[in-house]
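J.: Structure file coords_5.txt, compact mmCIF, N, CA and C atoms, is pasted below:
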```txt
# COMPACT_ATOMS: atom_id res chain seq x y z
N MET F 271 0.85 -1.17 0.00
CA MET F 271 0.00 0.00 0.00
C MET F 271 0.90 1.24 0.00
N LYS F 272 0.63 2.13 -0.91
CA LYS F 272 1.38 3.40 -0.96
C LYS F 272 0.57 4.49 -0.31
N LEU F 273 1.26 5.34 0.44
CA LEU F 273 0.61 6.42 1.17
C LEU F 273 1.07 7.77 0.66
N ARG F 274 0.15 8.73 0.76
CA ARG F 274 0.51 10.13 0.52
C ARG F 274 0.07 10.91 1.74
N PHE F 275 1.01 11.59 2.34
CA PHE F 275 0.77 12.39 3.54
C PHE F 275 -0.11 13.58 3.18
N LEU F 276 -1.20 13.77 3.94
CA LEU F 276 -2.05 14.93 3.72
C LEU F 276 -1.82 16.00 4.78
N GLY F 277 -1.56 15.59 6.01
CA GLY F 277 -1.31 16.59 7.04
C GLY F 277 -1.43 16.01 8.42
N LYS F 278 -1.01 16.82 9.39
CA LYS F 278 -1.11 16.43 10.78
C LYS F 278 -1.43 17.64 11.62
N ASN F 279 -1.94 17.36 12.79
CA ASN F 279 -2.22 18.41 13.77
C ASN F 279 -1.38 18.09 14.99
N SER F 280 -0.25 18.74 15.07
CA SER F 280 0.72 18.40 16.10
C SER F 280 0.82 19.45 17.17
N THR F 281 0.90 18.95 18.38
CA THR F 281 1.38 19.71 19.50
C THR F 281 2.45 18.81 20.10
N VAL F 282 3.16 19.27 21.07
CA VAL F 282 4.24 18.46 21.62
C VAL F 282 3.67 17.12 22.10
N GLY F 283 4.19 16.04 21.52
CA GLY F 283 3.79 14.70 21.92
C GLY F 283 2.53 14.18 21.27
N ASP F 284 1.79 14.99 20.55
CA ASP F 284 0.57 14.54 19.89
C ASP F 284 0.72 14.70 18.39
N CYS F 285 0.41 13.64 17.64
CA CYS F 285 0.59 13.79 16.20
C CYS F 285 -0.46 13.04 15.38
N PRO F 286 -1.76 13.28 15.61
CA PRO F 286 -2.75 12.71 14.70
C PRO F 286 -2.43 13.13 13.26
N THR F 287 -2.52 12.16 12.36
CA THR F 287 -2.08 12.37 10.98
C THR F 287 -3.08 11.76 10.02
N LEU F 288 -3.20 12.36 8.84
CA LEU F 288 -4.11 11.88 7.80
C LEU F 288 -3.33 11.56 6.54
N TYR F 289 -3.57 10.38 5.98
CA TYR F 289 -2.94 9.93 4.74
C TYR F 289 -4.03 9.49 3.77
N VAL F 290 -3.74 9.56 2.48
CA VAL F 290 -4.58 8.95 1.47
C VAL F 290 -3.77 7.80 0.88
N THR F 291 -4.43 6.71 0.53
CA THR F 291 -3.73 5.54 -0.01
C THR F 291 -4.01 5.38 -1.49
N ASP F 292 -3.30 4.44 -2.10
CA ASP F 292 -3.53 4.12 -3.51
C ASP F 292 -4.66 3.10 -3.66
N GLN F 293 -5.40 2.86 -2.57
CA GLN F 293 -6.49 1.88 -2.59
C GLN F 293 -7.84 2.52 -2.27
N GLU F 294 -7.97 3.83 -2.56
CA GLU F 294 -9.23 4.57 -2.35
C GLU F 294 -9.65 4.56 -0.88
N THR F 295 -8.66 4.68 0.00
CA THR F 295 -8.94 4.76 1.43
C THR F 295 -8.13 5.88 2.05
N TYR F 296 -8.54 6.26 3.26
CA TYR F 296 -7.75 7.17 4.08
C TYR F 296 -7.24 6.39 5.28
N LEU F 297 -6.05 6.71 5.72
CA LEU F 297 -5.52 6.19 6.97
C LEU F 297 -5.56 7.34 7.96
N VAL F 298 -6.18 7.09 9.10
CA VAL F 298 -6.32 8.09 10.15
C VAL F 298 -5.52 7.61 11.35
N GLN F 299 -4.44 8.31 11.63
CA GLN F 299 -3.60 8.00 12.79
C GLN F 299 -4.05 8.88 13.94
N GLY F 300 -4.40 8.24 15.04
CA GLY F 300 -4.89 9.02 16.17
C GLY F 300 -4.62 8.34 17.49
N TRP F 301 -5.15 8.98 18.55
CA TRP F 301 -4.92 8.49 19.90
C TRP F 301 -5.75 7.25 20.17
N LYS F 302 -5.15 6.25 20.81
CA LYS F 302 -5.90 5.09 21.28
C LYS F 302 -6.89 5.56 22.34
N ILE F 303 -8.01 4.89 22.40
CA ILE F 303 -9.06 5.29 23.33
C ILE F 303 -9.00 4.40 24.57
N PHE F 304 -8.81 5.04 25.70
CA PHE F 304 -8.75 4.33 26.96
C PHE F 304 -9.88 4.72 27.91
N ALA F 305 -10.58 5.79 27.62
CA ALA F 305 -11.63 6.28 28.51
C ALA F 305 -12.82 5.32 28.48
N ASN F 306 -13.16 4.75 29.63
CA ASN F 306 -14.24 3.77 29.70
C ASN F 306 -15.58 4.35 29.27
N ASP F 307 -15.87 5.61 29.64
CA ASP F 307 -17.15 6.20 29.26
C ASP F 307 -17.27 6.34 27.75
N LEU F 308 -16.16 6.58 27.08
CA LEU F 308 -16.16 6.68 25.63
C LEU F 308 -16.27 5.29 24.99
N LEU F 309 -15.52 4.34 25.52
CA LEU F 309 -15.55 2.97 24.99
C LEU F 309 -16.94 2.36 25.10
N MET F 310 -17.66 2.69 26.16
CA MET F 310 -19.00 2.13 26.36
C MET F 310 -19.98 2.61 25.30
N GLN F 311 -19.69 3.70 24.63
CA GLN F 311 -20.58 4.23 23.59
C GLN F 311 -20.35 3.57 22.23
N LEU F 312 -19.29 2.76 22.13
CA LEU F 312 -18.91 2.19 20.84
C LEU F 312 -19.18 0.70 20.77
N GLU F 313 -19.58 0.25 19.61
CA GLU F 313 -19.66 -1.18 19.31
C GLU F 313 -18.63 -1.43 18.22
N ILE F 314 -17.50 -2.00 18.61
CA ILE F 314 -16.41 -2.16 17.67
C ILE F 314 -16.29 -3.63 17.27
N PRO F 315 -16.54 -3.95 16.00
CA PRO F 315 -16.43 -5.34 15.54
C PRO F 315 -14.98 -5.82 15.57
N GLU F 316 -14.83 -7.13 15.59
CA GLU F 316 -13.49 -7.72 15.58
C GLU F 316 -12.75 -7.29 14.31
N GLY F 317 -11.46 -6.97 14.46
CA GLY F 317 -10.65 -6.52 13.33
C GLY F 317 -10.69 -5.02 13.12
N GLU F 318 -11.56 -4.35 13.88
CA GLU F 318 -11.64 -2.91 13.79
C GLU F 318 -11.22 -2.30 15.12
N THR F 319 -10.95 -1.02 15.09
CA THR F 319 -10.64 -0.27 16.29
C THR F 319 -11.09 1.16 16.07
N ALA F 320 -10.87 1.99 17.05
CA ALA F 320 -11.26 3.40 16.93
C ALA F 320 -10.13 4.27 17.45
N VAL F 321 -10.01 5.45 16.86
CA VAL F 321 -9.02 6.44 17.29
C VAL F 321 -9.72 7.76 17.53
N GLU F 322 -9.09 8.60 18.33
CA GLU F 322 -9.61 9.93 18.60
C GLU F 322 -8.67 10.94 17.95
N VAL F 323 -9.25 11.89 17.23
CA VAL F 323 -8.45 12.90 16.52
C VAL F 323 -9.12 14.27 16.64
N PRO F 324 -8.33 15.34 16.53
CA PRO F 324 -8.94 16.68 16.51
C PRO F 324 -9.80 16.85 15.26
N THR F 325 -10.89 17.57 15.38
CA THR F 325 -11.76 17.78 14.23
C THR F 325 -11.00 18.49 13.09
N GLU F 326 -10.04 19.32 13.46
CA GLU F 326 -9.27 20.08 12.45
C GLU F 326 -8.43 19.19 11.54
N LEU F 327 -8.19 17.93 11.95
CA LEU F 327 -7.38 17.04 11.11
C LEU F 327 -7.99 16.90 9.72
N PHE F 328 -9.31 16.90 9.63
CA PHE F 328 -9.95 16.68 8.35
C PHE F 328 -9.91 17.89 7.43
N GLU F 329 -9.44 19.03 7.92
CA GLU F 329 -9.22 20.18 7.03
C GLU F 329 -8.17 19.84 5.98
N HIS F 330 -7.32 18.86 6.27
CA HIS F 330 -6.28 18.45 5.32
C HIS F 330 -6.84 17.70 4.12
N LEU F 331 -8.13 17.38 4.14
CA LEU F 331 -8.75 16.72 2.99
C LEU F 331 -8.68 17.60 1.75
N THR F 332 -8.57 18.91 1.94
CA THR F 332 -8.47 19.81 0.78
C THR F 332 -7.20 19.52 -0.02
N LYS F 333 -6.21 18.89 0.60
CA LYS F 333 -4.98 18.54 -0.11
C LYS F 333 -5.16 17.29 -0.97
N ASP F 334 -6.35 16.70 -0.91
CA ASP F 334 -6.69 15.55 -1.75
C ASP F 334 -7.69 15.97 -2.82
N ASP F 335 -7.53 17.21 -3.28
CA ASP F 335 -8.36 17.77 -4.35
C ASP F 335 -9.84 17.86 -4.01
N LEU F 336 -10.15 17.99 -2.73
CA LEU F 336 -11.53 18.22 -2.32
C LEU F 336 -11.68 19.70 -2.01
N THR F 337 -12.81 20.27 -2.37
CA THR F 337 -12.98 21.70 -2.15
C THR F 337 -13.27 22.03 -0.69
N VAL F 338 -13.80 21.06 0.06
CA VAL F 338 -14.16 21.29 1.46
C VAL F 338 -13.45 20.25 2.31
N GLY F 339 -12.97 20.65 3.47
CA GLY F 339 -12.35 19.71 4.38
C GLY F 339 -13.04 19.69 5.72
N GLU F 340 -14.26 20.20 5.78
CA GLU F 340 -14.98 20.28 7.05
C GLU F 340 -16.03 19.18 7.11
N ILE F 341 -15.93 18.34 8.14
CA ILE F 341 -16.92 17.29 8.34
C ILE F 341 -18.21 17.94 8.83
N ARG F 342 -19.32 17.66 8.13
CA ARG F 342 -20.58 18.32 8.47
C ARG F 342 -21.60 17.39 9.10
N ARG F 343 -21.32 16.08 9.08
CA ARG F 343 -22.24 15.11 9.68
C ARG F 343 -21.42 14.11 10.47
N VAL F 344 -21.98 13.60 11.53
CA VAL F 344 -21.32 12.56 12.32
C VAL F 344 -22.06 11.25 12.06
N GLU F 345 -21.49 10.44 11.20
CA GLU F 345 -22.02 9.13 10.82
C GLU F 345 -20.83 8.22 10.59
N ASP F 346 -21.08 6.93 10.48
CA ASP F 346 -20.05 5.95 10.19
C ASP F 346 -19.19 6.46 9.03
N PRO F 347 -17.88 6.50 9.16
CA PRO F 347 -16.99 5.94 10.17
C PRO F 347 -16.67 6.89 11.34
N ILE F 348 -17.18 8.12 11.31
CA ILE F 348 -16.98 9.01 12.46
C ILE F 348 -18.13 8.74 13.42
N MET F 349 -17.77 8.23 14.59
CA MET F 349 -18.78 7.72 15.49
C MET F 349 -19.27 8.74 16.51
N ILE F 350 -18.38 9.60 16.98
CA ILE F 350 -18.74 10.50 18.07
C ILE F 350 -18.00 11.82 17.91
N LEU F 351 -18.66 12.91 18.24
CA LEU F 351 -18.01 14.20 18.44
C LEU F 351 -17.98 14.39 19.95
N THR F 352 -16.79 14.40 20.54
CA THR F 352 -16.67 14.46 22.00
C THR F 352 -16.85 15.88 22.51
N PRO F 353 -17.11 16.04 23.80
CA PRO F 353 -17.21 17.38 24.38
C PRO F 353 -15.91 18.17 24.27
N ASN F 354 -14.79 17.48 24.09
CA ASN F 354 -13.50 18.15 23.94
C ASN F 354 -13.24 18.63 22.51
N GLY F 355 -14.20 18.44 21.62
CA GLY F 355 -14.03 18.88 20.24
C GLY F 355 -13.17 17.95 19.41
N THR F 356 -13.26 16.66 19.69
CA THR F 356 -12.52 15.67 18.90
C THR F 356 -13.52 14.69 18.30
N PHE F 357 -13.09 14.02 17.23
CA PHE F 357 -13.88 12.97 16.62
C PHE F 357 -13.33 11.62 17.03
N VAL F 358 -14.22 10.63 17.15
CA VAL F 358 -13.82 9.24 17.28
C VAL F 358 -14.10 8.60 15.93
N VAL F 359 -13.05 8.06 15.31
CA VAL F 359 -13.13 7.48 13.98
C VAL F 359 -12.90 5.97 14.10
N GLN F 360 -13.82 5.20 13.55
CA GLN F 360 -13.73 3.74 13.62
C GLN F 360 -13.41 3.18 12.24
N GLY F 361 -12.57 2.16 12.21
CA GLY F 361 -12.24 1.51 10.95
C GLY F 361 -11.38 0.29 11.18
N HIS F 362 -10.98 -0.33 10.07
CA HIS F 362 -10.12 -1.50 10.15
C HIS F 362 -8.76 -1.08 10.69
N GLU F 363 -8.27 -1.82 11.67
CA GLU F 363 -6.96 -1.53 12.23
C GLU F 363 -5.91 -1.86 11.18
N VAL F 364 -5.00 -0.94 10.95
CA VAL F 364 -3.97 -1.12 9.94
C VAL F 364 -2.88 -2.04 10.50
N THR F 365 -2.65 -3.13 9.78
CA THR F 365 -1.61 -4.09 10.18
C THR F 365 -0.60 -4.32 9.05
N ASP F 366 -0.81 -3.70 7.90
CA ASP F 366 0.07 -3.86 6.74
C ASP F 366 1.46 -3.34 7.08
N PRO F 367 2.47 -4.21 7.12
CA PRO F 367 3.82 -3.78 7.51
C PRO F 367 4.39 -2.70 6.59
N GLU F 368 4.09 -2.76 5.29
CA GLU F 368 4.59 -1.75 4.34
C GLU F 368 4.01 -0.37 4.67
N ALA F 369 2.72 -0.32 4.97
CA ALA F 369 2.08 0.95 5.32
C ALA F 369 2.61 1.47 6.65
N LEU F 370 2.70 0.60 7.64
CA LEU F 370 3.15 1.01 8.97
C LEU F 370 4.59 1.51 8.95
N ALA F 371 5.39 0.95 8.05
CA ALA F 371 6.80 1.37 7.94
C ALA F 371 6.93 2.80 7.42
N GLN F 372 5.90 3.32 6.78
CA GLN F 372 5.93 4.67 6.23
C GLN F 372 5.48 5.73 7.25
N MET F 373 5.11 5.29 8.46
CA MET F 373 4.57 6.20 9.47
C MET F 373 5.39 6.13 10.75
N GLU F 374 5.33 7.21 11.51
CA GLU F 374 5.88 7.23 12.86
C GLU F 374 4.71 7.20 13.82
N ILE F 375 4.58 6.09 14.57
CA ILE F 375 3.41 5.91 15.42
C ILE F 375 3.87 5.72 16.86
N PRO F 376 3.60 6.70 17.73
CA PRO F 376 3.93 6.53 19.15
C PRO F 376 3.10 5.40 19.76
N ASP F 377 3.53 4.90 20.90
CA ASP F 377 2.83 3.80 21.57
C ASP F 377 1.38 4.12 21.91
N TYR F 378 1.05 5.37 22.12
CA TYR F 378 -0.30 5.75 22.54
C TYR F 378 -1.20 6.07 21.35
N GLU F 379 -0.73 5.77 20.13
CA GLU F 379 -1.54 6.00 18.94
C GLU F 379 -1.65 4.71 18.14
N THR F 380 -2.64 4.68 17.26
CA THR F 380 -2.80 3.59 16.31
C THR F 380 -3.41 4.16 15.04
N VAL F 381 -3.63 3.31 14.04
CA VAL F 381 -4.08 3.77 12.73
C VAL F 381 -5.28 2.94 12.27
N VAL F 382 -6.30 3.65 11.75
CA VAL F 382 -7.45 2.97 11.17
C VAL F 382 -7.55 3.33 9.69
N GLU F 383 -8.09 2.40 8.92
CA GLU F 383 -8.31 2.61 7.49
C GLU F 383 -9.79 2.71 7.25
N VAL F 384 -10.19 3.76 6.53
CA VAL F 384 -11.60 3.97 6.23
C VAL F 384 -11.75 4.26 4.73
N PRO F 385 -12.86 3.82 4.15
CA PRO F 385 -13.07 4.10 2.72
C PRO F 385 -13.12 5.60 2.45
N LYS F 386 -12.50 5.98 1.37
CA LYS F 386 -12.48 7.39 0.97
C LYS F 386 -13.91 7.92 0.81
N ALA F 387 -14.76 7.13 0.19
CA ALA F 387 -16.14 7.57 -0.06
C ALA F 387 -16.89 7.80 1.25
N ALA F 388 -16.59 7.01 2.29
CA ALA F 388 -17.28 7.17 3.57
C ALA F 388 -16.93 8.50 4.22
N ILE F 389 -15.69 8.93 4.09
CA ILE F 389 -15.28 10.22 4.66
C ILE F 389 -15.81 11.37 3.83
N THR F 390 -15.64 11.31 2.51
CA THR F 390 -16.06 12.43 1.67
C THR F 390 -17.57 12.62 1.70
N ALA F 391 -18.33 11.55 1.99
CA ALA F 391 -19.79 11.68 2.09
C ALA F 391 -20.19 12.55 3.28
N LEU F 392 -19.30 12.68 4.27
CA LEU F 392 -19.62 13.46 5.46
C LEU F 392 -19.30 14.95 5.29
N LEU F 393 -18.73 15.31 4.15
CA LEU F 393 -18.34 16.70 3.94
C LEU F 393 -19.52 17.58 3.55
N GLU F 394 -20.55 16.98 2.99
CA GLU F 394 -21.70 17.76 2.55
C GLU F 394 -22.96 17.22 3.20
N GLU F 395 -23.91 18.07 3.42
CA GLU F 395 -25.18 17.61 3.96
C GLU F 395 -25.92 16.85 2.87
N PRO F 396 -26.71 15.87 3.25
CA PRO F 396 -27.48 15.14 2.23
C PRO F 396 -28.46 16.07 1.53
N ARG F 397 -28.65 15.82 0.27
CA ARG F 397 -29.52 16.68 -0.54
C ARG F 397 -30.93 16.78 0.04
N GLY F 398 -31.45 15.68 0.55
CA GLY F 398 -32.79 15.68 1.13
C GLY F 398 -32.91 16.65 2.29
N ALA F 399 -31.86 16.75 3.11
CA ALA F 399 -31.89 17.67 4.25
C ALA F 399 -31.97 19.11 3.77
N ASP F 400 -31.23 19.42 2.68
CA ASP F 400 -31.29 20.77 2.13
C ASP F 400 -32.70 21.09 1.64
N LEU F 401 -33.30 20.15 0.92
CA LEU F 401 -34.63 20.37 0.39
C LEU F 401 -35.65 20.49 1.51
N GLN F 402 -35.50 19.67 2.54
CA GLN F 402 -36.41 19.72 3.66
C GLN F 402 -36.30 21.05 4.40
N ARG F 403 -35.08 21.54 4.58
CA ARG F 403 -34.88 22.82 5.27
C ARG F 403 -35.53 23.95 4.48
N ARG F 404 -35.38 23.92 3.15
CA ARG F 404 -35.98 24.99 2.33
C ARG F 404 -37.50 24.95 2.39
N ALA F 405 -38.06 23.75 2.64
CA ALA F 405 -39.51 23.62 2.66
C ALA F 405 -40.12 24.08 3.98
N GLN F 406 -39.28 24.30 5.00
CA GLN F 406 -39.78 24.75 6.29
C GLN F 406 -40.36 26.16 6.15
N PRO F 407 -41.56 26.40 6.69
CA PRO F 407 -42.13 27.74 6.61
C PRO F 407 -41.36 28.70 7.51
N ALA F 408 -41.24 29.92 7.06
CA ALA F 408 -40.58 30.95 7.87
C ALA F 408 -41.48 31.35 9.00
N LEU F 409 -40.91 31.61 10.16
CA LEU F 409 -41.72 32.02 11.32
C LEU F 409 -41.83 33.51 11.39
```
What is this file in structure tokens?

T.:
Amino acid sequence: MKLRFLGKNSTVGDCPTLYVTDQETYLVQGWKIFANDLLMQLEIPEGETAVEVPTELFEHLTKDDLTVGEIRRVEDPIMILTPNGTFVVQGHEVTDPEALAQMEIPDYETVVEVPKAAITALLEEPRGADLQRRAQPAL
């Protein structure tokens, strides 16, 4: 799997990172989730995991030729918007040695792979919602 770096949101010791792959997926590197209250809200199937990342990480999607990098809906694969202003992203845990060798991953982080289409679908509101909003009578 070949990766192209899109960006990261770094502070000292924190480095959530976003990559695009040659397989129509994104790799989201983020913090492992240890908070029990957060874990209790998730149903994670075997072979998948979840990471926590700053919402601003997805602004780097514009570097993948997308006009918008702002997530506008919280749906699969983005499971939760936390009170701290972070997203919980669920996906297949990356185990590909070639892909992992291209990244620097601290012990407290891991990487999930999500379909490109699943992420880009969250950038715009569904057309039906727009039409429904326009149909609302003005007060």

J.: Range 334-343 of chain F: which residues within 6.5 Å, counting all atoms listed in the file, same-chain residues fewer than 4 positions away excluded, as a list in words?

T.: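 So the residues in contact are Phe328, Glu329, His330, Leu392, Leu393, Glu394 and Glu395 of chain F.
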
J.: Can you write just those residues out, N, CA and C atoms, as a compact mmCIF listing (two decimals), in the frame of the given file?

T.:
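Output (again.txt):
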```txt
# COMPACT_ATOMS: atom_id res chain seq x y z
N PHE F 328 -9.31 16.90 9.63
CA PHE F 328 -9.95 16.68 8.35
C PHE F 328 -9.91 17.89 7.43
N GLU F 329 -9.44 19.03 7.92
CA GLU F 329 -9.22 20.18 7.03
C GLU F 329 -8.17 19.84 5.98
N HIS F 330 -7.32 18.86 6.27
CA HIS F 330 -6.28 18.45 5.32
C HIS F 330 -6.84 17.70 4.12
N LEU F 392 -19.30 12.68 4.27
CA LEU F 392 -19.62 13.46 5.46
C LEU F 392 -19.30 14.95 5.29
N LEU F 393 -18.73 15.31 4.15
CA LEU F 393 -18.34 16.70 3.94
C LEU F 393 -19.52 17.58 3.55
N GLU F 394 -20.55 16.98 2.99
CA GLU F 394 -21.70 17.76 2.55
C GLU F 394 -22.96 17.22 3.20
N GLU F 395 -23.91 18.07 3.42
CA GLU F 395 -25.18 17.61 3.96
C GLU F 395 -25.92 16.85 2.87
```

J.: Please identify which residues in chain F DSSP calls alpha helix (DSSP H) from the backbone, and express them as a short mmCIF file (atom, residue, chain, number, x, y, z; two decimals) with N, CA and C atoms, in the frame of the given file.

T.:
```
data_model
loop_
_atom_site.label_atom_id
_atom_site.label_comp_id
_atom_site.auth_asym_id
_atom_site.auth_seq_id
_atom_site.Cartn_x
_atom_site.Cartn_y
_atom_site.Cartn_z
N ASN F 306 -13.16 4.75 29.63
CA ASN F 306 -14.24 3.77 29.70
C ASN F 306 -15.58 4.35 29.27
N ASP F 307 -15.87 5.61 29.64
CA ASP F 307 -17.15 6.20 29.26
C ASP F 307 -17.27 6.34 27.75
N LEU F 308 -16.16 6.58 27.08
CA LEU F 308 -16.16 6.68 25.63
C LEU F 308 -16.27 5.29 24.99
N LEU F 309 -15.52 4.34 25.52
CA LEU F 309 -15.55 2.97 24.99
C LEU F 309 -16.94 2.36 25.10
N PRO F 367 2.47 -4.21 7.12
CA PRO F 367 3.82 -3.78 7.51
C PRO F 367 4.39 -2.70 6.59
N GLU F 368 4.09 -2.76 5.29
CA GLU F 368 4.59 -1.75 4.34
C GLU F 368 4.01 -0.37 4.67
N ALA F 369 2.72 -0.32 4.97
CA ALA F 369 2.08 0.95 5.32
C ALA F 369 2.61 1.47 6.65
N LEU F 370 2.70 0.60 7.64
CA LEU F 370 3.15 1.01 8.97
C LEU F 370 4.59 1.51 8.95
N ALA F 371 5.39 0.95 8.05
CA ALA F 371 6.80 1.37 7.94
C ALA F 371 6.93 2.80 7.42
N LYS F 386 -12.50 5.98 1.37
CA LYS F 386 -12.48 7.39 0.97
C LYS F 386 -13.91 7.92 0.81
N ALA F 387 -14.76 7.13 0.19
CA ALA F 387 -16.14 7.57 -0.06
C ALA F 387 -16.89 7.80 1.25
N ALA F 388 -16.59 7.01 2.29
CA ALA F 388 -17.28 7.17 3.57
C ALA F 388 -16.93 8.50 4.22
N ILE F 389 -15.69 8.93 4.09
CA ILE F 389 -15.28 10.22 4.66
C ILE F 389 -15.81 11.37 3.83
N THR F 390 -15.64 11.31 2.51
CA THR F 390 -16.06 12.43 1.67
C THR F 390 -17.57 12.62 1.70
N ARG F 397 -28.65 15.82 0.27
CA ARG F 397 -29.52 16.68 -0.54
C ARG F 397 -30.93 16.78 0.04
N GLY F 398 -31.45 15.68 0.55
CA GLY F 398 -32.79 15.68 1.13
C GLY F 398 -32.91 16.65 2.29
N ALA F 399 -31.86 16.75 3.11
CA ALA F 399 -31.89 17.67 4.25
C ALA F 399 -31.97 19.11 3.77
N ASP F 400 -31.23 19.42 2.68
CA ASP F 400 -31.29 20.77 2.13
C ASP F 400 -32.70 21.09 1.64
N LEU F 401 -33.30 20.15 0.92
CA LEU F 401 -34.63 20.37 0.39
C LEU F 401 -35.65 20.49 1.51
N GLN F 402 -35.50 19.67 2.54
CA GLN F 402 -36.41 19.72 3.66
C GLN F 402 -36.30 21.05 4.40
N ARG F 403 -35.08 21.54 4.58
CA ARG F 403 -34.88 22.82 5.27
C ARG F 403 -35.53 23.95 4.48
N ARG F 404 -35.38 23.92 3.15
CA ARG F 404 -35.98 24.99 2.33
C ARG F 404 -37.50 24.95 2.39
N ALA F 405 -38.06 23.75 2.64
CA ALA F 405 -39.51 23.62 2.66
C ALA F 405 -40.12 24.08 3.98
#
```

J.: Please compute the CA of Pro286 in chain F-atom N of Val358 in chain F distance, one decimal, in Å.

T.: 11.9 Å

J.: Between F:Ile348, F:Leu273, F:Tyr378, F:Gln360, which has the minimum distance to Ile303 in chain F (counting only N, CA and C atoms)?

T.: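 Once distances to Ile303 in chain F are computed over only N, CA and C atoms, the minimum belongs to F:Tyr378.
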
J.: Restricting the calculation to all atoms listed in the file: of F:Leu308, F:Val321, F:Cys285, F:Leu297, which residue gets closest to Phe357 in chain F?

T.: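 Looking at the shortest contact to Phe357 in chain F, the residue is F:Val321.
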
J.: Just the number, please: distance in Å from atom N of Met373 in chain F to CA of Glu322 in chain F, one decimal.

T.: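 Calculated distance between atom N of Met373 in chain F and CA of Glu322 in chain F is 18.5 Å.
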
J.: Pull the strand (DSSP E or B) assignments for range 274-402 of chain F out of DSSP run on the backbone, and list those residues as a PyMOL selection string.

T.: chain F and resi 274-278+281+284+287-291+295-302+318-324+348-351+356-363+379-385

J.: Near range 309-311 of chain F, within 10 Å and counting only C-alpha atoms, which residues show up once chain neighbours fewer than 5 positions away are dropped, as a list in words?

T.: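 My list of contacting residues is Ile303, Phe304, Ala320, Met349 and Ile350 of chain F.
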
J.: When distances are computed from only C-alpha atoms, which of F:Pro324, F:Asn279, F:Gly317, F:Val381 shows the smallest separation from Thr352 in chain F?

T.: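 Among the listed residues, the smallest separation from Thr352 in chain F belongs to F:Pro324.
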
J.: Taking all atoms listed in the file into account, name the residue in F:Leu288, F:Pro315, F:Glu383, F:Met271 that is nearest to Glu368 in chain F.

T.: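 Of the candidates, the smallest distance to Glu368 in chain F is held by F:Met271.
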
J.: Using atom N of Gly300 in chain F and CA of Val344 in chain F as the two end points, give the distance in Å to one decimal.

T.: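 Taking atom N of Gly300 in chain F as the start and CA of Val344 in chain F as the end point, the length is 17.7 Å.
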
J.: Pick out the closest residue to Ala388 in chain F from this set: F:Asp346, F:Asp307, F:Asp366, F:Glu313. Count all atoms listed in the file.

T.: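 Closest residue, counting all atoms listed in the file: F:Asp346.
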
J.: What's around Val384 in chain F at 8 Å? Count only C-alpha atoms, leave out sequence neighbours fewer than 6 positions away in its own chain, and write the answer as a PyMOL selection string.

T.: chain F and resi 295-298+347+360-362
